[in-house]
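Data block below; observations after.
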Amino acid sequence: YAGVGIQISASYLTGICTISRVFDNGPAHAAGVHKGDILYKVEDLLVDAYNLQDAVDIMRGVPGTTVQVVFVRDGEELTFELERQKINVNRIDSCMLTDDIGYVYLYEFAGDCADKFAEAVKSLNEQGAKGLIIDLRDNPGGWVNDAESIADLFLDKGTLCYLEYKDGSREYYNTKDGKYDMKLVVLVNEFSASSSEILSGALQDRADATVVGVQSYGKGIVQTVIPLDGGAGMQMTVAQYYTPNGNAVHKLGITPDVECALPEGDNGMYEFADLADPQLAKALEVMQEKMK
């Protein structure tokens, strides 16, 4: 799509729309828009949670045309004239946090995320990473096959997860031999769901990964739609996911090995790899302890 390259989180309690992500190499990124900035005004529209879609529709448009957008940061209004561009969504970010600890933030299980994840791990390994922090916070999930491909980087042959149907039958997802020899820490929060939980559960059960953060969302069911007369349909739950050790995911989530909640009043809007982020700092501390 053509736009300014931001992802927005709206609160219907406060009405405030906060920038939750700034896409690499987009107009907003180039202009200096930060994660955590508040979207205040688009052209003449004062933005709140209830008219956010109208604001988004204004910001999208023909590449090369401009739109005026006002953000608020630390109480100060910042006005940008942003040129709409075709936006390419980066689904991962990665870097070295220390000389021997790599960090990958996976935003969603979609598109080319599995290939990009593998490229990032290969690069970090070549840079000397002996430990890897995988950040799945706020990751809503996506394709299970992507979780399988990513888990396969760190697991030998065995079970990734299994589905159990209402009749008691099971369907297994499996990994194959060949893996990186790396210590693992996985970051999750209350918005880590679905494939995020499948991946973190498998790594926790089978790769000695230490999960840090807070209890994940708990979305682990498979549903199907049964067509009815008149074009209607009925949605029915037919199975649910379990981790390799037989732990249910649905409504339970993944339990962290190391509990670490954000302090009260902290909205978690930190830039990528910012060690002022208390959860990331705790993950790094846990990894350094694992590597002793």
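Naming works like this for the structure tokens: A, B, ... for the chains as they're shown, residue 1 at the start of each chain, ligands 1 onward in shown order.
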Tell me, as a ChimeraX atom specification, which residues lie within 12 Å of Gly268 (chain A), counting only C-alpha atoms; anything in the same chain fewer than 2 positions away does not count.
/A:9,18-21,35-36,137-138,189,261-266,270-272,274-280
Hey, what's within 6 Å of region 235-240 of chain A if we count only C-alpha atoms and toss same-chain stuff fewer than 6 positions away? As a CSV table (one decimal) with all heavy atoms, in the first residue's frame, please?
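Below you can see selection_17.csv, which holds the result:
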```csv
chain,number,residue,atom,x,y,z
A,163,LEU,N,-2.2,-31.2,17.3
A,163,LEU,CA,-3.6,-30.8,17.4
A,163,LEU,C,-4.4,-32.1,18.0
A,163,LEU,O,-4.1,-33.2,17.5
A,163,LEU,CB,-4.2,-30.5,16.0
A,163,LEU,CG,-3.9,-29.2,15.4
A,163,LEU,CD1,-4.4,-29.1,14.0
A,163,LEU,CD2,-4.5,-28.1,16.2
A,164,GLU,N,-5.2,-31.8,18.9
A,164,GLU,CA,-6.1,-32.9,19.3
A,164,GLU,C,-7.5,-32.6,19.0
A,164,GLU,O,-8.1,-31.5,19.4
A,164,GLU,CB,-6.0,-33.1,20.8
A,164,GLU,CG,-6.7,-34.4,21.3
A,164,GLU,CD,-6.3,-34.8,22.7
A,164,GLU,OE1,-5.2,-35.3,22.9
A,164,GLU,OE2,-7.1,-34.5,23.7
A,165,TYR,N,-8.2,-33.5,18.2
A,165,TYR,CA,-9.5,-33.2,17.8
A,165,TYR,C,-10.6,-33.7,18.8
A,165,TYR,O,-10.2,-34.4,19.8
A,165,TYR,CB,-9.8,-33.9,16.4
A,165,TYR,CG,-9.0,-33.2,15.3
A,165,TYR,CD1,-7.7,-33.6,15.0
A,165,TYR,CD2,-9.6,-32.2,14.5
A,165,TYR,CE1,-7.0,-33.0,14.0
A,165,TYR,CE2,-8.9,-31.6,13.5
A,165,TYR,CZ,-7.6,-32.0,13.3
A,165,TYR,OH,-6.8,-31.3,12.3
A,220,GLY,N,-5.3,-21.1,21.2
A,220,GLY,CA,-4.8,-22.3,20.7
A,220,GLY,C,-5.8,-23.3,20.2
A,220,GLY,O,-5.8,-24.5,20.5
A,221,ILE,N,-6.8,-22.8,19.4
A,221,ILE,CA,-7.8,-23.6,18.9
A,221,ILE,C,-7.9,-23.5,17.4
A,221,ILE,O,-7.4,-22.6,16.8
A,221,ILE,CB,-9.2,-23.3,19.5
A,221,ILE,CG1,-9.5,-21.8,19.2
A,221,ILE,CG2,-9.3,-23.6,20.9
A,221,ILE,CD1,-11.0,-21.4,19.6
A,222,VAL,N,-8.5,-24.5,16.7
A,222,VAL,CA,-8.7,-24.6,15.3
A,222,VAL,C,-10.2,-24.6,15.1
A,222,VAL,O,-10.9,-25.3,15.7
A,222,VAL,CB,-8.1,-25.8,14.7
A,222,VAL,CG1,-8.5,-25.9,13.2
A,222,VAL,CG2,-6.6,-25.8,14.8
A,223,GLN,N,-10.7,-23.7,14.3
A,223,GLN,CA,-12.1,-23.6,14.0
A,223,GLN,C,-12.4,-23.7,12.5
A,223,GLN,O,-11.6,-23.5,11.7
A,223,GLN,CB,-12.7,-22.2,14.5
A,223,GLN,CG,-12.5,-22.0,16.0
A,223,GLN,CD,-13.0,-20.7,16.5
A,223,GLN,OE1,-12.6,-19.7,16.0
A,223,GLN,NE2,-13.8,-20.7,17.5
A,224,THR,N,-13.6,-24.2,12.3
A,224,THR,CA,-14.1,-24.4,10.9
A,224,THR,C,-15.5,-23.8,10.8
A,224,THR,O,-16.2,-23.7,11.8
A,224,THR,CB,-14.1,-25.8,10.4
A,224,THR,OG1,-14.3,-25.9,9.0
A,224,THR,CG2,-15.1,-26.7,11.2
A,225,VAL,N,-15.8,-23.4,9.6
A,225,VAL,CA,-17.2,-22.8,9.3
A,225,VAL,C,-18.0,-23.8,8.5
A,225,VAL,O,-17.6,-24.3,7.5
A,225,VAL,CB,-17.1,-21.5,8.5
A,225,VAL,CG1,-18.5,-21.0,8.2
A,225,VAL,CG2,-16.3,-20.5,9.3
```
Q) If you run DSSP on the backbone, which residues of region 121-286 of chain A are helix (DSSP H, G or I), as a VMD selection string? A) chain A and resid 121 to 126 144 to 151 195 to 206 229 to 231 278 to 286
Discussion item. Calculated over only C-alpha atoms, which of the candidates A:Asn247, A:Thr159, A:Ala110, A:Gly15 has the smallest distance to Glu171 (chain A)?
Written reply: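 The closest residue to Glu171 (chain A) is A:Thr159.
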Just want the 10 Å neighbourhood of Glu197 (chain A), counted on only C-alpha atoms, with same-chain residues fewer than 4 positions away dropped. Output as an MDAnalysis selection string. chainID A and resid 136 139:141 147 188 192:193 201:203 216:220 241:243 249:250 253:255
Gly61 (chain A) surroundings by only C-alpha atoms, 8 Å radius, close-in-sequence under 3 positions cut, as a PyMOL selection string
chain A and resi 2-3+57-58+65+84
Export all heavy atoms of the chosen residues as a PDB file, in the first residue's frame?
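The result, stored in result00.pdb:
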```
ATOM      1  N   ALA A   2       0.309   2.367  -0.355  1.00  0.00           N
ATOM      2  CA  ALA A   2       1.039   3.634  -0.324  1.00  0.00           C
ATOM      3  C   ALA A   2       0.564   4.433   0.874  1.00  0.00           C
ATOM      4  O   ALA A   2      -0.625   4.684   1.044  1.00  0.00           O
ATOM      5  CB  ALA A   2       0.805   4.410  -1.612  1.00  0.00           C
ATOM      6  N   GLY A   3       1.497   4.814   1.711  1.00  0.00           N
ATOM      7  CA  GLY A   3       1.157   5.561   2.912  1.00  0.00           C
ATOM      8  C   GLY A   3       2.398   6.164   3.518  1.00  0.00           C
ATOM      9  O   GLY A   3       3.381   6.433   2.822  1.00  0.00           O
ATOM     10  N   ASP A  57      -7.264   6.531   6.204  1.00  0.00           N
ATOM     11  CA  ASP A  57      -7.674   6.712   4.808  1.00  0.00           C
ATOM     12  C   ASP A  57      -7.060   7.976   4.211  1.00  0.00           C
ATOM     13  O   ASP A  57      -6.709   8.003   3.020  1.00  0.00           O
ATOM     14  CB  ASP A  57      -9.200   6.790   4.713  1.00  0.00           C
ATOM     15  CG  ASP A  57      -9.870   5.454   5.014  1.00  0.00           C
ATOM     16  OD1 ASP A  57      -9.181   4.413   4.965  1.00  0.00           O
ATOM     17  OD2 ASP A  57     -11.077   5.458   5.325  1.00  0.00           O
ATOM     18  N   ILE A  58      -6.910   9.023   5.033  1.00  0.00           N
ATOM     19  CA  ILE A  58      -6.292  10.260   4.551  1.00  0.00           C
ATOM     20  C   ILE A  58      -4.795  10.056   4.318  1.00  0.00           C
ATOM     21  O   ILE A  58      -4.238  10.537   3.319  1.00  0.00           O
ATOM     22  CB  ILE A  58      -6.520  11.411   5.553  1.00  0.00           C
ATOM     23  CG1 ILE A  58      -8.007  11.746   5.647  1.00  0.00           C
ATOM     24  CG2 ILE A  58      -5.732  12.660   5.129  1.00  0.00           C
ATOM     25  CD1 ILE A  58      -8.353  12.705   6.780  1.00  0.00           C
ATOM     26  N   THR A  65       2.534  12.054  -3.466  1.00  0.00           N
ATOM     27  CA  THR A  65       1.747  13.139  -2.907  1.00  0.00           C
ATOM     28  C   THR A  65       2.062  13.278  -1.417  1.00  0.00           C
ATOM     29  O   THR A  65       2.629  12.376  -0.800  1.00  0.00           O
ATOM     30  CB  THR A  65       0.241  12.905  -3.104  1.00  0.00           C
ATOM     31  OG1 THR A  65      -0.128  11.662  -2.459  1.00  0.00           O
ATOM     32  CG2 THR A  65      -0.098  12.824  -4.579  1.00  0.00           C
ATOM     33  N   ARG A  84       3.818  10.391   0.690  1.00  0.00           N
ATOM     34  CA  ARG A  84       3.340   9.005   0.624  1.00  0.00           C
ATOM     35  C   ARG A  84       4.249   8.183  -0.284  1.00  0.00           C
ATOM     36  O   ARG A  84       4.646   8.644  -1.355  1.00  0.00           O
ATOM     37  CB  ARG A  84       1.905   8.954   0.101  1.00  0.00           C
ATOM     38  CG  ARG A  84       0.881   9.691   0.975  1.00  0.00           C
ATOM     39  CD  ARG A  84      -0.492   9.601   0.348  1.00  0.00           C
ATOM     40  NE  ARG A  84      -1.513  10.313   1.104  1.00  0.00           N
ATOM     41  CZ  ARG A  84      -1.876  11.574   0.901  1.00  0.00           C
ATOM     42  NH1 ARG A  84      -1.282  12.289  -0.063  1.00  0.00           N
ATOM     43  NH2 ARG A  84      -2.815  12.123   1.631  1.00  0.00           N
TER      44      ARG A  84
END
```
(Q) List as a ChimeraX atom specification the protein and nucleic acid residues near Lys292 (chain A), meaning an atom at most 12 Å away when only C-alpha atoms are counted, but skip any in the same chain fewer than 4 places from it. (A) /A:100,130-131,183,285-288
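Closest approach to Val56 (chain A) among A:Asp229, A:Glu289, A:Asp257, A:Glu43 is made by A:Glu43 (distances from only C-alpha atoms).
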In Å and to one decimal, CA of Tyr173 (chain A) is distant from CA of Gly102 (chain A) by 27.2 Å
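Closest approach to Leu45 (chain A) from the set A:Met59, A:Met291, A:Ser169, A:Leu228 is made by A:Met59, with distances taken over only C-alpha atoms.
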As an exercise, work out the distance from CA of Ala273 (chain A) to CA of His34 (chain A) in Å and give it to one decimal place.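 Result for CA of Ala273 (chain A) versus CA of His34 (chain A): 13.5 Å, one decimal.
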